[in-house]
Each structure stands twice: as structure tokens, then as C-alpha cells.
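K.L.:
Can you read through this structure? Questions will come right after.
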Amino acid sequence: MYKIITKRELNPTVTMMDIYAPLVAKKAQAGQFIILRVDSDGERIPLTVAGYDREKGTVEIIFQIVGGTTMRLNQKNEGEFIADFVGPLGCATKTEGLKKVCIVGGGVGCAIALPVARKLHEQGAEVHSIIGFRNKDLLILEEEFKAASNKLTVMTDDGSYGRQGVVTVPLKEAIESGEHYDEVIAIGPLIMMKCVVATTKPYNIPTTVSMNPIMIDGTGMCGGCRLTVGGKTRFACVDGPDFNGFEVDFDEAMARSSMYADFEKREREGLCNLFKKEAD
Ligand SMILES: Cc1cc2nc3c(=O)[nH]c(=O)nc-3n(C[C@H](O)[C@H](O)[C@H](O)COP(=O)(O)OP(=O)(O)OC[C@H]3O[C@@H](n4cnc5c(N)ncnc54)[C@H](O)[C@@H]3O)c2cc1C
Ligand code: FES
């Protein structure tokens with residue numbers, strides 16, 4: 001069992017937790033993830049290591065409440081326990097040799113991008129971050145990104161905070177104004193990462209994306225997380241989650257990501273009805 005040490009609401013749909021998991025904290029690196037189960041009969045879900053404290057033995061996770069399991073996780077409070085917390089899994093983000101990088105984060109993808117920005121900042125790279133949200137109420141981690149970046153641009157779709165527009169607008173402006181990035185690292189919804197790649201490809205700027213397909217075992221055994229990258233089948237859990245954005249088949253990934261939409265909708269509705277009955 002793994003104890004929840006701290007719990008903090010970042011916005012109405014995004015929660016941060018520090019979990020006591022000293023063996024995971026000891027080895028975790030930016031870009032890796034864990035797989036947890038809230039209860040012993042619950043489903044396994046992957047969440048990125050958003051931070052860690054090796055001395056305290058804690059691992060930070062930041063999750064968006066989107067369905068059954070994240071709803072159940074969010075019902076847990078400080079001092080309570082979750083059943084399983086396995087990791088670190090996947091490959092760490094490669095940052096060696098990078099001197100100037102643009103990090104592009106979208107929505108809860110910013111939680112995955114933050115440890116990468118921090119790592120690059122700590123190793124002395126110039127970090128420009130662009131983070132985007134649908135509106136001001138969904139903004140997360142602004143102060144944390146400010147601390148880890150030489151330059152931060154916040155975008156909202158409706159203009160309720162920062163600049164209005166999508167993240168690719170300031171990215172294209174920066175490239176066209178002569179910023180020479182060694183790499184662009186994009187983490188967010190599939191459509192956002194696809195658009196970032198469409199922006200950087202004409203300038204041939206190496207672009208890394210973090211893929212988040214359905215994962216089950218997280219060890220390369222089940223094939224659930226397969227993607228086509230450079231014409232070959234790759235498993236996001238062991239070969240990724242980071243991949244060369246120029247080589248990812250985004251259209252296939254988007255089609256696969258909606259495969260279980262009906263099942264997930266039924267699970268969410270079932271859970272909500274259950275809550276309604278309990279409240280009555
Ligand atoms: C490597 C990786 C890292 C991730 N890191 C984060 C993170 O740091 N913060 C965060 O909020 N989310 C993260 N996710 C997504 C997170 O796993 C899903 O939001 C979560 O599984 C939703 O489960 P649910 O039962 O609440 O929702 P459901 O209603 O079951 O599903 C909602 C959506 O979540 C995704 N999803 C559901 N089950 C899985 C699964 N087993 N594996 C992958 N995706 C799934 C699907 O896109 C689905 O449409 C990550 C996913 C991957 C693959
Ligand atoms: S999650 Fe099973 S192979 Fe990747």
C-alpha cells in the first residue's frame with residue numbers, strides 16, 4: 001500500500017499528489033511514468049512522474065479527472081493509501097547536449113512537460129516554454145514553469161489569460177524571428193503534438209513528442225500501447241513514451257485512442273449514478 005502524503009487541487013479538474021514510494025523515488029527520472037491501481041480490484045492507469053524527492057521518498061503525480069479511475073483516485077485524501085504504484089517505467093527523456101530548447105505543453109500535458117523543463121534548466125540549457133489551456137480556469141503550473149524557463153508564454157484558446165490562440169502561433173513566431181532551437185519538445189493532446197510537428201518540420205527542427213496510448217501492463221507484453229513510428233511498430237511503454245515527432249503516425253494513434261470511448265463513457269456514467277444514489 002502506498003500512502004498519500006500531500007494532496008492539492010491545481011484547478012477544478014486537476015489534482016497533485018505526493019505518494020510515499022521510496023524505491024520509485026530513488027530511480028525516477030524526467031519523462032518516466034508509473035502505473036497505479038487505486039484499489040486492489042481497480043484498473044491499472046499510467047501517470048507521469050511529475051517530480052520526486054529522493055530524500056523524503058516521495059513521487060509527485062498530477063492527474064486530470066477524466067473518468068472512473070481518476071475520479072476514484074481523486075476521492076482519496078492525505079493519509080489514505082492506494083493499492084499499487086509501480087515504476088519507474090519507460091525511458092527517460094534524452095536531454096544530453098541540448099543547449100536551447102522550446103518546451104510546448106498543452107493542458108494536463110504541462111504536468112508531463114514540467115520535469116523535462118526543470119531537468120534542462122538545471123543542466124544549464126536555455127529553456128523557452130509555451131503552455132496552452134482552453135481558458136484561465138484550467139491554467140496550471142504557471143509559477144513552476146516560470147522558475148524552470150528563461151522565457152514563458154501562456155496561451156488560452158479564449159484569451160481569458162495570457163495571449164489568445166494556440167501554442168503553435170508563438171512557436172512559429174519564435175522560429176521565424178530567428179530563435180535557433182536544438183530541439184522542440186511537445187507534450188499534450190495528440191492533435192496539438194501533430195500541429196507542433198507540422199510547424200517545426202518545414203524548418204527541420206528536431207521535435208520530440210510524448211505519446212500516451214492506452215497502456216495495460218506497461219512492460220511491453222500486451223501490445224496495447226503499440227504505435228507506428230517510422231513505419232515500424234513500437235511500444236510506447238518500453239520504447240517511449242518519447243518519440244521522434246516526424247516519424248509518428250498521428251492519424252493512426254488518434255483513431256486507436258478513441259477505440260474504448262463507449263466503454264469509458266458507460267463507466268463514467270455508472271460511477272456518477274452511483275454517486276447520485278449515495279448522495280440521495
Ligand atoms: C505514459 C502515460 C503517461 C500519462 N501521464 C498522465 C499524467 O501525468 N497526468 C494525467 O492526467 N494523465 C496522464 N496520462 C493519461 C491517463 O493515464 C488517463 O487519463 C487515465 O488512464 C484515465 O483513466 P480513467 O479511468 O480516469 O478514464 P477513462 O474514462 O477510462 O479514460 C479517459 C481517457 O483516458 C485515457 N486512458 C484510459 N485508460 C488508459 C490507460 N490504461 N492507459 C492510457 N490511457 C488511458 C484514454 O485516452 C481515455 O479516452 C498518461 C498516459 C500515458 C500512457
Ligand atoms: S502497455 Fe502493454 S505493451 Fe505497452
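Chain labels A, B, ... are given in the sequence in which chains occur in the C-alpha cells; within each chain residues are numbered consecutively from 1, and ligands are likewise numbered from 1 in the order shown.
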Mind running chain A against ligand 2 at 6 Å and telling me each contacting residue's nearest atom pair with the distance in Å (one decimal), counting only C-alpha atoms and all ligand atoms, chain and number ascending, as CSV?

P.N.:
```
residue,atom,partner,partner_atom_place_in_ligand_line,distance
A:Met215,CA,ligand 2,1 (S),3.7
A:Ile216,CA,ligand 2,1 (S),4.4
A:Asp217,CA,ligand 2,2 (Fe),4.5
A:Gly218,CA,ligand 2,1 (S),3.7
A:Thr219,CA,ligand 2,4 (Fe),5.6
A:Gly220,CA,ligand 2,3 (S),3.3
A:Met221,CA,ligand 2,3 (S),4.6
A:Cys222,CA,ligand 2,2 (Fe),3.8
A:Gly223,CA,ligand 2,3 (S),3.8
A:Gly224,CA,ligand 2,2 (Fe),4.8
A:Cys225,CA,ligand 2,4 (Fe),4.4
A:Phe235,CA,ligand 2,4 (Fe),5.2
A:Ala236,CA,ligand 2,4 (Fe),5.8
A:Cys237,CA,ligand 2,4 (Fe),4.3
```

K.L.:
Write out the residues from the selection above, keeping N, CA and C atoms, as a PDB file, in the first residue's frame.

P.N.:
```pdb
ATOM      1  N   MET A 215      -2.444   1.974 -22.038  1.00  0.00           N
ATOM      2  CA  MET A 215      -1.425   1.042 -21.538  1.00  0.00           C
ATOM      3  C   MET A 215      -2.056   0.077 -20.548  1.00  0.00           C
ATOM      4  N   ILE A 216      -1.595  -1.150 -20.574  1.00  0.00           N
ATOM      5  CA  ILE A 216      -2.173  -2.141 -19.664  1.00  0.00           C
ATOM      6  C   ILE A 216      -1.086  -2.661 -18.722  1.00  0.00           C
ATOM      7  N   ASP A 217      -0.108  -3.385 -19.260  1.00  0.00           N
ATOM      8  CA  ASP A 217       0.934  -3.931 -18.367  1.00  0.00           C
ATOM      9  C   ASP A 217       2.111  -2.970 -18.210  1.00  0.00           C
ATOM     10  N   GLY A 218       2.393  -2.170 -19.230  1.00  0.00           N
ATOM     11  CA  GLY A 218       3.495  -1.205 -19.136  1.00  0.00           C
ATOM     12  C   GLY A 218       4.873  -1.833 -19.234  1.00  0.00           C
ATOM     13  N   THR A 219       4.916  -3.091 -19.685  1.00  0.00           N
ATOM     14  CA  THR A 219       6.222  -3.761 -19.754  1.00  0.00           C
ATOM     15  C   THR A 219       6.501  -4.371 -21.129  1.00  0.00           C
ATOM     16  N   GLY A 220       5.722  -3.994 -22.145  1.00  0.00           N
ATOM     17  CA  GLY A 220       5.983  -4.491 -23.488  1.00  0.00           C
ATOM     18  C   GLY A 220       5.380  -5.852 -23.775  1.00  0.00           C
ATOM     19  N   MET A 221       4.503  -6.372 -22.909  1.00  0.00           N
ATOM     20  CA  MET A 221       3.981  -7.728 -23.081  1.00  0.00           C
ATOM     21  C   MET A 221       2.626  -7.765 -23.810  1.00  0.00           C
ATOM     22  N   CYS A 222       1.770  -6.760 -23.592  1.00  0.00           N
ATOM     23  CA  CYS A 222       0.388  -6.899 -24.065  1.00  0.00           C
ATOM     24  C   CYS A 222       0.157  -6.309 -25.453  1.00  0.00           C
ATOM     25  N   GLY A 223       0.991  -5.377 -25.870  1.00  0.00           N
ATOM     26  CA  GLY A 223       0.833  -4.761 -27.195  1.00  0.00           C
ATOM     27  C   GLY A 223      -0.220  -3.662 -27.226  1.00  0.00           C
ATOM     28  N   GLY A 224      -0.855  -3.379 -26.088  1.00  0.00           N
ATOM     29  CA  GLY A 224      -1.932  -2.385 -26.058  1.00  0.00           C
ATOM     30  C   GLY A 224      -1.483  -0.992 -26.469  1.00  0.00           C
ATOM     31  N   CYS A 225      -0.227  -0.688 -26.228  1.00  0.00           N
ATOM     32  CA  CYS A 225       0.245   0.690 -26.435  1.00  0.00           C
ATOM     33  C   CYS A 225       0.959   0.862 -27.770  1.00  0.00           C
ATOM     34  N   PHE A 235       6.358   0.066 -29.103  1.00  0.00           N
ATOM     35  CA  PHE A 235       5.543   0.053 -27.892  1.00  0.00           C
ATOM     36  C   PHE A 235       5.892   1.274 -27.053  1.00  0.00           C
ATOM     37  N   ALA A 236       4.890   2.115 -26.799  1.00  0.00           N
ATOM     38  CA  ALA A 236       5.157   3.367 -26.073  1.00  0.00           C
ATOM     39  C   ALA A 236       5.704   3.100 -24.679  1.00  0.00           C
ATOM     40  N   CYS A 237       5.304   1.970 -24.058  1.00  0.00           N
ATOM     41  CA  CYS A 237       5.690   1.756 -22.659  1.00  0.00           C
ATOM     42  C   CYS A 237       7.168   1.407 -22.498  1.00  0.00           C
TER      43      CYS A 237
END
```

K.L.:
So that I can see what lies close to stretch 202-210 of chain A, please list as a list in words the residues with an atom at most 8 Å from it, counting only C-alpha atoms and leaving out residues fewer than 3 positions away in the same chain.

P.N.:
Tyr181, Asp182, Glu183, Val184, Ile185, Ala186, Ile187, Gly188, Met193, Val197, Ala198, Thr199, Gly240, Pro241, Asp242, Phe243, Asn244, Gly245 and Phe246 of chain A

K.L.:
I want to know what sits within 10 Å of A:Lys3, based on only C-alpha atoms, with residues of the same chain fewer than 5 positions away left out; could you give that as a list in words?

P.N.:
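Everything that qualifies: Asp18, Ile19, Tyr20, Ala21, Thr58, Asn77, Glu78, Gly79, Glu80, Phe81, Ile82 and Ala83 of chain A.
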
K.L.:
I need the residue nearest A:Ile140 from this list: A:Thr48, A:Asn74, A:Ser177, A:Asn11. Use only C-alpha atoms for the distance.

P.N.:
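With only C-alpha atoms as the atom set, the closest residue is A:Asn11.
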
K.L.:
7 Å from ligand 1 is the threshold here; counting only C-alpha atoms and all ligand atoms, which polymer residues fall inside it? Answer as a ChimeraX atom specification.

P.N.:
/A:33,44-50,61-71,108-109,111-112,211-216,237,241,257-258,260-261,264-265,267-268

K.L.:
Let's have the selection written as an mmCIF file, in the first residue's frame, with N, CA and C atoms.

P.N.:
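Writing done, so here's result.cif:
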```
data_model
loop_
_atom_site.group_PDB
_atom_site.id
_atom_site.type_symbol
_atom_site.label_atom_id
_atom_site.label_comp_id
_atom_site.auth_asym_id
_atom_site.auth_seq_id
_atom_site.Cartn_x
_atom_site.Cartn_y
_atom_site.Cartn_z
ATOM 1 N N PHE A 33 7.239 7.147 -16.208
ATOM 2 C CA PHE A 33 5.885 7.116 -15.653
ATOM 3 C C PHE A 33 5.739 5.958 -14.673
ATOM 4 N N ARG A 44 -5.586 -0.586 -13.955
ATOM 5 C CA ARG A 44 -4.245 -0.002 -13.900
ATOM 6 C C ARG A 44 -4.230 1.215 -14.805
ATOM 7 N N ILE A 45 -3.743 2.348 -14.297
ATOM 8 C CA ILE A 45 -3.604 3.518 -15.180
ATOM 9 C C ILE A 45 -2.188 4.099 -15.083
ATOM 10 N N PRO A 46 -1.641 4.553 -16.223
ATOM 11 C CA PRO A 46 -0.321 5.161 -16.211
ATOM 12 C C PRO A 46 -0.400 6.661 -15.920
ATOM 13 N N LEU A 47 0.502 7.165 -15.096
ATOM 14 C CA LEU A 47 0.628 8.607 -14.856
ATOM 15 C C LEU A 47 2.117 8.947 -14.837
ATOM 16 N N THR A 48 2.450 10.100 -15.349
ATOM 17 C CA THR A 48 3.853 10.505 -15.441
ATOM 18 C C THR A 48 4.397 10.919 -14.075
ATOM 19 N N VAL A 49 5.665 10.668 -13.871
ATOM 20 C CA VAL A 49 6.345 11.166 -12.671
ATOM 21 C C VAL A 49 6.525 12.677 -12.866
ATOM 22 N N ALA A 50 5.742 13.472 -12.145
ATOM 23 C CA ALA A 50 5.808 14.933 -12.321
ATOM 24 C C ALA A 50 6.945 15.531 -11.496
ATOM 25 N N ILE A 61 2.608 13.071 -8.516
ATOM 26 C CA ILE A 61 1.797 12.815 -9.721
ATOM 27 C C ILE A 61 0.801 13.957 -9.859
ATOM 28 N N ILE A 62 0.484 14.290 -11.101
ATOM 29 C CA ILE A 62 -0.511 15.333 -11.371
ATOM 30 C C ILE A 62 -1.483 14.722 -12.366
ATOM 31 N N PHE A 63 -2.758 14.642 -12.005
ATOM 32 C CA PHE A 63 -3.690 13.950 -12.898
ATOM 33 C C PHE A 63 -4.954 14.752 -13.133
ATOM 34 N N GLN A 64 -5.457 14.583 -14.347
ATOM 35 C CA GLN A 64 -6.720 15.203 -14.719
ATOM 36 C C GLN A 64 -7.839 14.211 -14.453
ATOM 37 N N ILE A 65 -8.923 14.693 -13.871
ATOM 38 C CA ILE A 65 -10.042 13.792 -13.554
ATOM 39 C C ILE A 65 -10.882 13.655 -14.819
ATOM 40 N N VAL A 66 -10.697 12.518 -15.520
ATOM 41 C CA VAL A 66 -11.375 12.351 -16.805
ATOM 42 C C VAL A 66 -12.357 11.189 -16.809
ATOM 43 N N GLY A 67 -12.190 10.237 -15.904
ATOM 44 C CA GLY A 67 -13.053 9.051 -15.947
ATOM 45 C C GLY A 67 -13.037 8.317 -14.627
ATOM 46 N N GLY A 68 -13.485 7.042 -14.679
ATOM 47 C CA GLY A 68 -13.704 6.255 -13.472
ATOM 48 C C GLY A 68 -12.518 6.206 -12.518
ATOM 49 N N THR A 69 -11.349 5.814 -13.022
ATOM 50 C CA THR A 69 -10.221 5.597 -12.111
ATOM 51 C C THR A 69 -9.671 6.915 -11.556
ATOM 52 N N THR A 70 -9.591 7.935 -12.405
ATOM 53 C CA THR A 70 -9.083 9.215 -11.892
ATOM 54 C C THR A 70 -10.098 9.842 -10.918
ATOM 55 N N MET A 71 -11.388 9.557 -11.114
ATOM 56 C CA MET A 71 -12.396 10.033 -10.143
ATOM 57 C C MET A 71 -12.164 9.351 -8.796
ATOM 58 N N VAL A 108 -3.165 19.229 -19.412
ATOM 59 C CA VAL A 108 -2.504 18.421 -18.376
ATOM 60 C C VAL A 108 -1.146 17.895 -18.871
ATOM 61 N N GLY A 109 -0.908 17.972 -20.173
ATOM 62 C CA GLY A 109 0.413 17.631 -20.727
ATOM 63 C C GLY A 109 1.503 18.490 -20.095
ATOM 64 N N ALA A 111 1.921 18.938 -17.040
ATOM 65 C CA ALA A 111 2.436 18.198 -15.878
ATOM 66 C C ALA A 111 3.545 17.245 -16.296
ATOM 67 N N ILE A 112 3.439 16.741 -17.529
ATOM 68 C CA ILE A 112 4.450 15.817 -18.046
ATOM 69 C C ILE A 112 5.661 16.613 -18.532
ATOM 70 N N MET A 211 4.076 10.225 -26.258
ATOM 71 C CA MET A 211 2.843 9.555 -26.665
ATOM 72 C C MET A 211 2.164 8.879 -25.468
ATOM 73 N N ASN A 212 0.834 8.957 -25.449
ATOM 74 C CA ASN A 212 0.099 8.407 -24.302
ATOM 75 C C ASN A 212 -1.039 7.481 -24.722
ATOM 76 N N PRO A 213 -0.714 6.416 -25.451
ATOM 77 C CA PRO A 213 -1.769 5.462 -25.835
ATOM 78 C C PRO A 213 -2.250 4.664 -24.618
ATOM 79 N N ILE A 214 -3.317 3.908 -24.809
ATOM 80 C CA ILE A 214 -3.803 3.021 -23.748
ATOM 81 C C ILE A 214 -2.675 2.074 -23.337
ATOM 82 N N MET A 215 -2.444 1.974 -22.038
ATOM 83 C CA MET A 215 -1.425 1.042 -21.538
ATOM 84 C C MET A 215 -2.056 0.077 -20.548
ATOM 85 N N ILE A 216 -1.595 -1.150 -20.574
ATOM 86 C CA ILE A 216 -2.173 -2.141 -19.664
ATOM 87 C C ILE A 216 -1.086 -2.661 -18.722
ATOM 88 N N CYS A 237 5.304 1.970 -24.058
ATOM 89 C CA CYS A 237 5.690 1.756 -22.659
ATOM 90 C C CYS A 237 7.168 1.407 -22.498
ATOM 91 N N PRO A 241 7.939 6.780 -23.482
ATOM 92 C CA PRO A 241 6.870 7.389 -24.298
ATOM 93 C C PRO A 241 7.360 8.445 -25.299
ATOM 94 N N SER A 257 -6.934 5.870 -30.162
ATOM 95 C CA SER A 257 -7.213 6.443 -28.834
ATOM 96 C C SER A 257 -8.706 6.530 -28.537
ATOM 97 N N SER A 258 -9.545 6.477 -29.594
ATOM 98 C CA SER A 258 -10.993 6.582 -29.329
ATOM 99 C C SER A 258 -11.672 5.205 -29.340
ATOM 100 N N TYR A 260 -12.024 2.853 -27.148
ATOM 101 C CA TYR A 260 -12.792 2.426 -25.972
ATOM 102 C C TYR A 260 -13.739 3.528 -25.464
ATOM 103 N N ALA A 261 -14.014 4.506 -26.342
ATOM 104 C CA ALA A 261 -14.799 5.679 -25.908
ATOM 105 C C ALA A 261 -16.149 5.288 -25.302
ATOM 106 N N GLU A 264 -15.683 3.672 -21.861
ATOM 107 C CA GLU A 264 -15.281 4.668 -20.856
ATOM 108 C C GLU A 264 -16.462 5.556 -20.456
ATOM 109 N N LYS A 265 -17.321 5.892 -21.460
ATOM 110 C CA LYS A 265 -18.482 6.743 -21.188
ATOM 111 C C LYS A 265 -19.434 6.019 -20.226
ATOM 112 N N GLU A 267 -18.689 3.676 -18.083
ATOM 113 C CA GLU A 267 -18.045 3.584 -16.761
ATOM 114 C C GLU A 267 -18.234 4.907 -15.991
ATOM 115 N N ARG A 268 -18.013 6.027 -16.708
ATOM 116 C CA ARG A 268 -18.157 7.351 -16.068
ATOM 117 C C ARG A 268 -19.586 7.562 -15.612
#
```

K.L.:
Would you list, as an NGL selection string, the residues of stretch 58-115 of chain A that end up in alpha helix (DSSP H) under DSSP run on this structure's backbone?

P.N.:
:A and (68-75 or 109-115)

K.L.:
Using N, CA and C atoms, can you export the residues from the last selection as an mmCIF file, in the first residue's frame?

P.N.:
```cif
data_model
loop_
_atom_site.group_PDB
_atom_site.id
_atom_site.type_symbol
_atom_site.label_atom_id
_atom_site.label_comp_id
_atom_site.auth_asym_id
_atom_site.auth_seq_id
_atom_site.Cartn_x
_atom_site.Cartn_y
_atom_site.Cartn_z
ATOM 1 N N GLY A 68 -13.485 7.042 -14.679
ATOM 2 C CA GLY A 68 -13.704 6.255 -13.472
ATOM 3 C C GLY A 68 -12.518 6.206 -12.518
ATOM 4 N N THR A 69 -11.349 5.814 -13.022
ATOM 5 C CA THR A 69 -10.221 5.597 -12.111
ATOM 6 C C THR A 69 -9.671 6.915 -11.556
ATOM 7 N N THR A 70 -9.591 7.935 -12.405
ATOM 8 C CA THR A 70 -9.083 9.215 -11.892
ATOM 9 C C THR A 70 -10.098 9.842 -10.918
ATOM 10 N N MET A 71 -11.388 9.557 -11.114
ATOM 11 C CA MET A 71 -12.396 10.033 -10.143
ATOM 12 C C MET A 71 -12.164 9.351 -8.796
ATOM 13 N N ARG A 72 -11.935 8.002 -8.854
ATOM 14 C CA ARG A 72 -11.723 7.251 -7.600
ATOM 15 C C ARG A 72 -10.453 7.719 -6.907
ATOM 16 N N LEU A 73 -9.401 7.974 -7.691
ATOM 17 C CA LEU A 73 -8.141 8.443 -7.103
ATOM 18 C C LEU A 73 -8.355 9.795 -6.410
ATOM 19 N N ASN A 74 -9.131 10.650 -7.060
ATOM 20 C CA ASN A 74 -9.350 11.985 -6.511
ATOM 21 C C ASN A 74 -10.191 11.960 -5.234
ATOM 22 N N GLN A 75 -10.905 10.837 -4.993
ATOM 23 C CA GLN A 75 -11.688 10.734 -3.747
ATOM 24 C C GLN A 75 -10.805 10.418 -2.546
ATOM 25 N N GLY A 109 -0.908 17.972 -20.173
ATOM 26 C CA GLY A 109 0.413 17.631 -20.727
ATOM 27 C C GLY A 109 1.503 18.490 -20.095
ATOM 28 N N CYS A 110 1.128 19.649 -19.561
ATOM 29 C CA CYS A 110 2.111 20.518 -18.891
ATOM 30 C C CYS A 110 2.711 19.813 -17.671
ATOM 31 N N ALA A 111 1.921 18.938 -17.040
ATOM 32 C CA ALA A 111 2.436 18.198 -15.878
ATOM 33 C C ALA A 111 3.545 17.245 -16.296
ATOM 34 N N ILE A 112 3.439 16.741 -17.529
ATOM 35 C CA ILE A 112 4.450 15.817 -18.046
ATOM 36 C C ILE A 112 5.661 16.613 -18.532
ATOM 37 N N ALA A 113 5.395 17.816 -19.056
ATOM 38 C CA ALA A 113 6.474 18.648 -19.610
ATOM 39 C C ALA A 113 7.314 19.313 -18.516
ATOM 40 N N LEU A 114 6.710 19.584 -17.358
ATOM 41 C CA LEU A 114 7.426 20.336 -16.318
ATOM 42 C C LEU A 114 8.737 19.679 -15.861
ATOM 43 N N PRO A 115 8.739 18.376 -15.527
ATOM 44 C CA PRO A 115 10.021 17.794 -15.092
ATOM 45 C C PRO A 115 11.090 17.855 -16.170
#
```

K.L.:
Taking only stretch 59-266 of chain A into account, list the residues labelled strand (DSSP E or B) by DSSP (computed from the backbone), as a tab-separated table (two decimals) with C-alpha atoms, in the first residue's frame.

P.N.:
```tsv
chain	number	residue	atom	x	y	z
A	59	VAL	CA	6.88	10.82	-6.00
A	60	GLU	CA	4.65	13.61	-7.33
A	61	ILE	CA	1.80	12.82	-9.72
A	62	ILE	CA	-0.51	15.33	-11.37
A	63	PHE	CA	-3.69	13.95	-12.90
A	64	GLN	CA	-6.72	15.20	-14.72
A	81	PHE	CA	-3.49	4.67	0.75
A	82	ILE	CA	-3.56	3.44	-2.84
A	84	ASP	CA	-0.26	-0.26	-6.23
A	85	PHE	CA	2.32	2.21	-7.51
A	86	VAL	CA	4.72	0.53	-9.93
A	87	GLY	CA	7.70	2.16	-11.60
A	88	PRO	CA	9.62	3.98	-12.80
A	89	LEU	CA	8.61	2.72	-16.26
A	100	LYS	CA	18.47	25.71	-26.29
A	101	VAL	CA	15.08	24.04	-26.25
A	102	CYS	CA	11.47	25.06	-26.68
A	103	ILE	CA	9.05	23.11	-24.49
A	104	VAL	CA	5.44	23.14	-25.66
A	105	GLY	CA	2.82	21.91	-23.17
A	106	GLY	CA	-0.92	21.62	-23.65
A	126	GLU	CA	18.17	27.92	-22.31
A	127	VAL	CA	14.54	26.90	-21.93
A	128	HIS	CA	11.67	28.67	-23.70
A	129	SER	CA	8.30	27.31	-22.59
A	130	ILE	CA	4.94	27.77	-24.27
A	131	ILE	CA	1.97	26.43	-22.31
A	132	GLY	CA	-1.60	26.45	-23.54
A	133	PHE	CA	-5.03	25.93	-21.97
A	151	LYS	CA	11.09	32.68	-21.26
A	152	LEU	CA	7.46	31.66	-20.69
A	153	THR	CA	4.47	32.29	-22.95
A	154	VAL	CA	0.98	31.40	-21.71
A	155	MET	CA	-1.76	30.92	-24.28
A	156	THR	CA	-5.50	30.45	-23.81
A	163	ARG	CA	-2.25	35.57	-25.19
A	164	GLN	CA	-5.22	34.33	-27.18
A	183	GLU	CA	15.03	20.70	-30.18
A	184	VAL	CA	11.33	21.29	-29.62
A	185	ILE	CA	9.66	19.00	-27.06
A	186	ALA	CA	5.87	18.86	-27.33
A	187	ILE	CA	3.60	17.20	-24.78
A	207	THR	CA	10.91	17.51	-32.44
A	208	THR	CA	10.20	15.05	-29.65
A	209	VAL	CA	6.65	14.13	-28.70
A	210	SER	CA	5.41	12.18	-25.68
A	226	ARG	CA	1.51	-0.02	-29.94
A	227	LEU	CA	2.13	2.84	-32.35
A	228	THR	CA	3.57	3.14	-35.81
A	229	VAL	CA	6.78	5.16	-35.77
A	232	LYS	CA	7.62	0.22	-37.68
A	233	THR	CA	5.53	-0.98	-34.74
A	234	ARG	CA	6.81	0.42	-31.47
A	235	PHE	CA	5.54	0.05	-27.89
A	242	ASP	CA	9.10	9.89	-26.21
A	243	PHE	CA	9.42	9.52	-29.98
A	244	ASN	CA	10.70	11.47	-32.95
A	248	VAL	CA	4.89	9.19	-35.58
```

K.L.:
Taking only C-alpha atoms into account, which of A:Val116, A:Ala92, A:Val14, A:Leu23 comes nearest A:Ala148?

P.N.:
A:Val116

K.L.:
Ranking A:Leu139, A:Ile4, A:Ile35, A:Ala174 by minimum distance to A:Ser160 and counting only C-alpha atoms, which one comes first?

P.N.:
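Going through A:Leu139, A:Ile4, A:Ile35, A:Ala174 one by one, the smallest distance to A:Ser160 is for A:Leu139.
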
K.L.:
What is the atom CA of A:Thr95 to atom CA of A:Gln32 distance in Å?

P.N.:
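It comes out at 13.2 Å.
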
K.L.:
Check the smallest atom-to-atom distance from each of A:Gly178, A:Gly57, A:Gly42, A:Gly162 to A:Arg134 using only C-alpha atoms, then report the winner.

P.N.:
A:Gly162
